[in-house]
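What follows is a short report on a single structure.
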Amino acid sequence: MKKLKVFAILVCTLLFSKLSFAESGWQFNIMVPIGASFSFYNVHFSSQATADYMNNYQKRTGTIGFDAGVNLQGGYIVTDGDKGISLLLDLGYSHDSFGLTSTSKDVNTQEDIKTKEYYTFENLSIGILPKFHYKEFAFGLGLGVKLPLYLTHSAEFTIDNTTTKTYGYYNTSKINSVLKNSVITYVKLTFDYSFNVHDDIALLLGVYVGTDFGLDLRGSELVMVDSRDLASFDLGVLLGVKFGEGLFD
């Protein structure tokens with residue numbers, strides 16, 4: 001992760017140096033991402049875990065979730081003809097859900113219990129977004145972190161066609177009872193197209209792919225398990241508007 005950040009900074013520095021005598025100006029974007037997340041879950045056991053403990057540990061599989069949010073992006077753009085580069089500060093709110101499914105046995109009846117659960121985060125996101133421009137097209141590489149404002153955990157337990165639902169709410173003071181690490185690291189690739197409606201205003205339509213990682217679901221479970229890693233692959237569309245100096249007058 002540190003190498004990616006260093007690489008992005010070096011690339012931006014070199015390109016800004018190359019375009020140092022070109023036209024420049026400020027740019028501000030309002031972006032709304034809407035998409036799906038595909039969760040990944042992996043348990044790492046400690047050396048103290050016995051074979052029986054590992055074999056009987058509940059197996060979970062990732063499933064699809066929903067992501068949305070709004071991002072305010074601001075920074076400096078340098079252009080040279082139909083090419084350009086911008087470095088944007090990327091601040092926003094994100095709604096991120098991680099879905100898991102599992103099947104276990106009822107200890108009394110030995111019937112199958114099918115469980116579907118969602119960890120849903122309301123986050124403040126902070127990052128940087130270098131973007132490379134060619135005519136109306138732009139490609140970006142975003143790096144940053146998401147800081148949970150609160151977490152909700154919902155679960156459905158189905159046994160013999162009977163479903164029971166549970167729901168939990170965890171603010172920042174209680175979230176460590178569920179998560180050992182709650183800060184989400186993200187990497188995203190963006191691609192968008194500008195529809196110019198004015199010299200200084202453009203509508204943006206694009207797509208993004210990315211990943212969220214760094215969550216550890218252990219909570220207070222710190223003896224037999226080294227980590228319960230939760231991550232996601234994210235895919236969706238971007239809708240937005242851009243204000244600032246005309247890219248290619």
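Every chain in the structure tokens takes a letter, A first, then B, and so on in the order presented; its residues are numbered from 1, and the ligands are numbered from 1 following the presented order.
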
8 Å contact set for Val70 (chain A), only C-alpha atoms, chain neighbours under 2 positions out, as a list in words: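 Listed by chain and then number, they are Ile30, Met31, Val32, Pro33, Ala68, Leu72, Gly92, Tyr93 and Ser94 of chain A.
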
Quick one: residues within 8 Å of Arg228 (chain A), only C-alpha atoms counted, chain neighbours fewer than 2 positions away excluded, as a compact mmCIF listing (two decimals) with N, CA, C and O atoms, in the first residue's frame?
# COMPACT_ATOMS: atom_id res chain seq x y z
N TYR A 41 -14.10 -13.19 2.49
CA TYR A 41 -13.94 -13.42 3.92
C TYR A 41 -12.93 -14.53 4.12
O TYR A 41 -12.99 -15.57 3.44
N ASN A 42 -11.99 -14.33 5.02
CA ASN A 42 -10.95 -15.33 5.26
C ASN A 42 -10.55 -15.33 6.74
O ASN A 42 -10.35 -14.25 7.32
N VAL A 43 -10.45 -16.51 7.32
CA VAL A 43 -10.08 -16.66 8.73
C VAL A 43 -8.66 -17.22 8.82
O VAL A 43 -8.32 -18.20 8.14
N HIS A 44 -7.83 -16.59 9.66
CA HIS A 44 -6.48 -17.09 9.93
C HIS A 44 -6.43 -17.51 11.40
O HIS A 44 -6.64 -16.68 12.29
N LEU A 215 -10.51 -4.63 7.16
CA LEU A 215 -11.42 -4.92 8.28
C LEU A 215 -11.05 -6.25 8.94
O LEU A 215 -10.72 -7.23 8.27
N ASP A 216 -11.14 -6.29 10.26
CA ASP A 216 -10.88 -7.50 11.04
C ASP A 216 -12.06 -7.73 11.98
O ASP A 216 -12.30 -6.95 12.90
N LEU A 217 -12.82 -8.80 11.73
CA LEU A 217 -14.07 -9.05 12.45
C LEU A 217 -13.88 -9.75 13.80
O LEU A 217 -14.86 -10.19 14.39
N ARG A 218 -12.68 -9.83 14.29
CA ARG A 218 -12.48 -10.59 15.54
C ARG A 218 -13.21 -9.99 16.73
O ARG A 218 -13.71 -10.71 17.58
N VAL A 225 -7.86 -17.16 17.13
CA VAL A 225 -7.92 -16.62 15.77
C VAL A 225 -7.00 -15.42 15.65
O VAL A 225 -7.04 -14.50 16.46
N ASP A 226 -6.15 -15.44 14.61
CA ASP A 226 -5.25 -14.31 14.37
C ASP A 226 -5.94 -13.18 13.63
O ASP A 226 -5.65 -12.01 13.84
N LEU A 230 -12.16 -9.21 6.28
CA LEU A 230 -13.31 -8.93 5.44
C LEU A 230 -12.91 -7.87 4.42
O LEU A 230 -12.37 -6.82 4.78

Expected answer as a PyMOL selection string: strand (DSSP E or B) residues in region 4-150 of chain A: chain A and resi 23-45+61-80+83-105+112-134+137-150

Would you return as a count of residues only the members of region 31-195 of chain A that DSSP assigns to helix (DSSP H, G or I) on this structure's backbone? 9

Skip Lys131 (chain A) itself and residues of its chain fewer than 3 positions away, then list as a short mmCIF file (atom, residue, chain, number, x, y, z; two decimals) with all heavy atoms, in the first residue's frame all residues within 8 Å of it, counting only C-alpha atoms.
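Listing of part13.cif after writing:
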data_model
loop_
_atom_site.label_atom_id
_atom_site.label_comp_id
_atom_site.auth_asym_id
_atom_site.auth_seq_id
_atom_site.Cartn_x
_atom_site.Cartn_y
_atom_site.Cartn_z
N ILE A 85 -3.40 16.69 -16.57
CA ILE A 85 -3.34 15.90 -15.35
C ILE A 85 -3.88 16.75 -14.21
O ILE A 85 -3.66 17.97 -14.18
CB ILE A 85 -1.90 15.43 -15.05
CG1 ILE A 85 -1.88 14.59 -13.76
CG2 ILE A 85 -0.94 16.59 -14.94
CD1 ILE A 85 -0.53 13.96 -13.47
N SER A 86 -4.60 16.13 -13.31
CA SER A 86 -5.09 16.83 -12.13
C SER A 86 -4.80 16.00 -10.89
O SER A 86 -4.74 14.76 -10.96
CB SER A 86 -6.59 17.11 -12.24
OG SER A 86 -7.32 15.91 -12.39
N LEU A 87 -4.60 16.66 -9.79
CA LEU A 87 -4.42 16.00 -8.50
C LEU A 87 -5.50 16.54 -7.58
O LEU A 87 -5.51 17.73 -7.25
CB LEU A 87 -3.04 16.25 -7.92
CG LEU A 87 -2.75 15.60 -6.57
CD1 LEU A 87 -2.90 14.08 -6.66
CD2 LEU A 87 -1.36 15.95 -6.07
N LEU A 88 -6.43 15.66 -7.17
CA LEU A 88 -7.60 16.07 -6.42
C LEU A 88 -7.59 15.50 -5.01
O LEU A 88 -7.23 14.34 -4.80
CB LEU A 88 -8.88 15.61 -7.13
CG LEU A 88 -9.05 16.01 -8.60
CD1 LEU A 88 -10.31 15.38 -9.17
CD2 LEU A 88 -9.08 17.53 -8.75
N ALA A 138 -11.22 10.90 -18.92
CA ALA A 138 -10.32 10.99 -17.77
C ALA A 138 -10.23 9.64 -17.08
O ALA A 138 -11.22 8.92 -16.93
CB ALA A 138 -10.81 12.06 -16.79
N PHE A 139 -9.01 9.31 -16.67
CA PHE A 139 -8.73 8.06 -15.95
C PHE A 139 -8.09 8.42 -14.62
O PHE A 139 -7.15 9.21 -14.56
CB PHE A 139 -7.79 7.19 -16.78
CG PHE A 139 -7.26 5.99 -16.05
CD1 PHE A 139 -8.03 4.85 -15.94
CD2 PHE A 139 -6.00 6.02 -15.48
CE1 PHE A 139 -7.55 3.74 -15.26
CE2 PHE A 139 -5.51 4.91 -14.80
CZ PHE A 139 -6.28 3.77 -14.69
N GLY A 140 -8.61 7.86 -13.51
CA GLY A 140 -8.09 8.20 -12.19
C GLY A 140 -7.70 6.99 -11.36
O GLY A 140 -8.23 5.89 -11.55
N LEU A 141 -6.76 7.19 -10.45
CA LEU A 141 -6.35 6.17 -9.48
C LEU A 141 -6.49 6.77 -8.09
O LEU A 141 -5.76 7.68 -7.72
CB LEU A 141 -4.90 5.74 -9.72
CG LEU A 141 -4.27 4.85 -8.64
CD1 LEU A 141 -5.04 3.53 -8.51
CD2 LEU A 141 -2.81 4.58 -8.94
#

I'd like the contact shell of Leu149 (chain A) - 8 Å cut-off, only C-alpha atoms, skipping same-chain residues fewer than 4 positions apart - returned as number ranges by chain. A: 121-124, 171-172

So that I have them on file, write out the residues from the current selection with N, CA, C and O atoms, as a PDB file, in the first residue's frame.
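The resulting file, result23.pdb, is reproduced below:
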ATOM      1  N   PHE A 121     -21.656  -0.154   6.744  1.00  0.00           N
ATOM      2  CA  PHE A 121     -20.908   0.956   7.312  1.00  0.00           C
ATOM      3  C   PHE A 121     -21.375   2.274   6.701  1.00  0.00           C
ATOM      4  O   PHE A 121     -21.619   2.374   5.498  1.00  0.00           O
ATOM      5  N   GLU A 122     -21.484   3.287   7.547  1.00  0.00           N
ATOM      6  CA  GLU A 122     -21.640   4.676   7.102  1.00  0.00           C
ATOM      7  C   GLU A 122     -20.310   5.351   7.414  1.00  0.00           C
ATOM      8  O   GLU A 122     -19.925   5.480   8.580  1.00  0.00           O
ATOM      9  N   ASN A 123     -19.598   5.761   6.352  1.00  0.00           N
ATOM     10  CA  ASN A 123     -18.203   6.174   6.505  1.00  0.00           C
ATOM     11  C   ASN A 123     -17.951   7.608   6.068  1.00  0.00           C
ATOM     12  O   ASN A 123     -18.634   8.142   5.178  1.00  0.00           O
ATOM     13  N   LEU A 124     -16.921   8.198   6.661  1.00  0.00           N
ATOM     14  CA  LEU A 124     -16.291   9.402   6.141  1.00  0.00           C
ATOM     15  C   LEU A 124     -15.052   8.944   5.381  1.00  0.00           C
ATOM     16  O   LEU A 124     -14.205   8.247   5.933  1.00  0.00           O
ATOM     17  N   ASN A 171     -22.120   2.444  17.437  1.00  0.00           N
ATOM     18  CA  ASN A 171     -21.489   3.726  17.159  1.00  0.00           C
ATOM     19  C   ASN A 171     -19.983   3.602  17.367  1.00  0.00           C
ATOM     20  O   ASN A 171     -19.458   2.512  17.620  1.00  0.00           O
ATOM     21  N   THR A 172     -19.278   4.704  17.260  1.00  0.00           N
ATOM     22  CA  THR A 172     -17.811   4.643  17.317  1.00  0.00           C
ATOM     23  C   THR A 172     -17.289   4.133  18.658  1.00  0.00           C
ATOM     24  O   THR A 172     -16.203   3.561  18.723  1.00  0.00           O
TER      25      THR A 172
END

Could you please determine the separation between CA of Leu91 (chain A) and CA of Ile126 (chain A) in Å, to one decimal place?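 Answer for the CA of Leu91 (chain A) to CA of Ile126 (chain A) separation: 4.9 Å.
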
Can you pull out every residue within 8 Å of region 47-50 of chain A, counting only C-alpha atoms, but drop anything in the same chain fewer than 3 positions away, and send it as a PyMOL selection string? chain A and resi 53-54+223-225

Since we have the selection now, will you write its residues out, keeping all heavy atoms, as a PDB file, in the first residue's frame?
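File produced: selection_37.pdb:
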ATOM      1  N   TYR A  53     -11.236 -27.321  16.812  1.00  0.00           N
ATOM      2  CA  TYR A  53     -11.696 -25.927  16.817  1.00  0.00           C
ATOM      3  C   TYR A  53     -11.802 -25.397  15.395  1.00  0.00           C
ATOM      4  O   TYR A  53     -12.805 -24.768  15.016  1.00  0.00           O
ATOM      5  CB  TYR A  53     -10.730 -25.067  17.634  1.00  0.00           C
ATOM      6  CG  TYR A  53     -11.146 -23.616  17.761  1.00  0.00           C
ATOM      7  CD1 TYR A  53     -12.022 -23.208  18.764  1.00  0.00           C
ATOM      8  CD2 TYR A  53     -10.664 -22.654  16.875  1.00  0.00           C
ATOM      9  CE1 TYR A  53     -12.413 -21.880  18.872  1.00  0.00           C
ATOM     10  CE2 TYR A  53     -11.047 -21.328  16.983  1.00  0.00           C
ATOM     11  CZ  TYR A  53     -11.916 -20.948  17.985  1.00  0.00           C
ATOM     12  OH  TYR A  53     -12.293 -19.636  18.093  1.00  0.00           O
ATOM     13  N   MET A  54     -10.796 -25.666  14.576  1.00  0.00           N
ATOM     14  CA  MET A  54     -10.802 -25.166  13.198  1.00  0.00           C
ATOM     15  C   MET A  54     -11.871 -25.860  12.362  1.00  0.00           C
ATOM     16  O   MET A  54     -12.551 -25.221  11.548  1.00  0.00           O
ATOM     17  CB  MET A  54      -9.417 -25.349  12.572  1.00  0.00           C
ATOM     18  CG  MET A  54      -8.356 -24.427  13.166  1.00  0.00           C
ATOM     19  SD  MET A  54      -6.755 -24.518  12.311  1.00  0.00           S
ATOM     20  CE  MET A  54      -6.167 -26.129  12.906  1.00  0.00           C
ATOM     21  N   VAL A 223      -7.861 -15.115  20.912  1.00  0.00           N
ATOM     22  CA  VAL A 223      -7.018 -16.208  21.383  1.00  0.00           C
ATOM     23  C   VAL A 223      -6.743 -17.221  20.290  1.00  0.00           C
ATOM     24  O   VAL A 223      -5.601 -17.434  19.879  1.00  0.00           O
ATOM     25  CB  VAL A 223      -7.651 -16.907  22.612  1.00  0.00           C
ATOM     26  CG1 VAL A 223      -6.762 -18.059  23.068  1.00  0.00           C
ATOM     27  CG2 VAL A 223      -7.836 -15.908  23.747  1.00  0.00           C
ATOM     28  N   MET A 224      -7.771 -17.855  19.783  1.00  0.00           N
ATOM     29  CA  MET A 224      -7.605 -18.921  18.799  1.00  0.00           C
ATOM     30  C   MET A 224      -7.507 -18.424  17.360  1.00  0.00           C
ATOM     31  O   MET A 224      -7.151 -19.181  16.464  1.00  0.00           O
ATOM     32  CB  MET A 224      -8.785 -19.902  18.891  1.00  0.00           C
ATOM     33  CG  MET A 224      -8.902 -20.597  20.234  1.00  0.00           C
ATOM     34  SD  MET A 224      -7.545 -21.749  20.518  1.00  0.00           S
ATOM     35  CE  MET A 224      -8.142 -22.574  22.004  1.00  0.00           C
ATOM     36  N   VAL A 225      -7.858 -17.161  17.130  1.00  0.00           N
ATOM     37  CA  VAL A 225      -7.924 -16.622  15.767  1.00  0.00           C
ATOM     38  C   VAL A 225      -6.996 -15.417  15.649  1.00  0.00           C
ATOM     39  O   VAL A 225      -7.043 -14.501  16.464  1.00  0.00           O
ATOM     40  CB  VAL A 225      -9.367 -16.216  15.414  1.00  0.00           C
ATOM     41  CG1 VAL A 225      -9.422 -15.583  14.026  1.00  0.00           C
ATOM     42  CG2 VAL A 225     -10.289 -17.426  15.483  1.00  0.00           C
TER      43      VAL A 225
END

Please measure the separation of CA of Phe137 (chain A) and CA of Gln27 (chain A), giving the value in Å to one decimal.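 Calculated distance between CA of Phe137 (chain A) and CA of Gln27 (chain A) is 15.1 Å.
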
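Take the candidates A:Leu100, A:Ile159, A:Ser37, A:Asp200 and check each one against Gly244 (chain A) using only C-alpha atoms; the shortest distance goes to A:Asp200.
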
A:Lys114, A:Lys174, A:His95, A:Lys188 ranked by distance to Val207 (chain A), top pick (using only C-alpha atoms):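 Going through A:Lys114, A:Lys174, A:His95, A:Lys188 one by one, the smallest distance to Val207 (chain A) is for A:Lys188.
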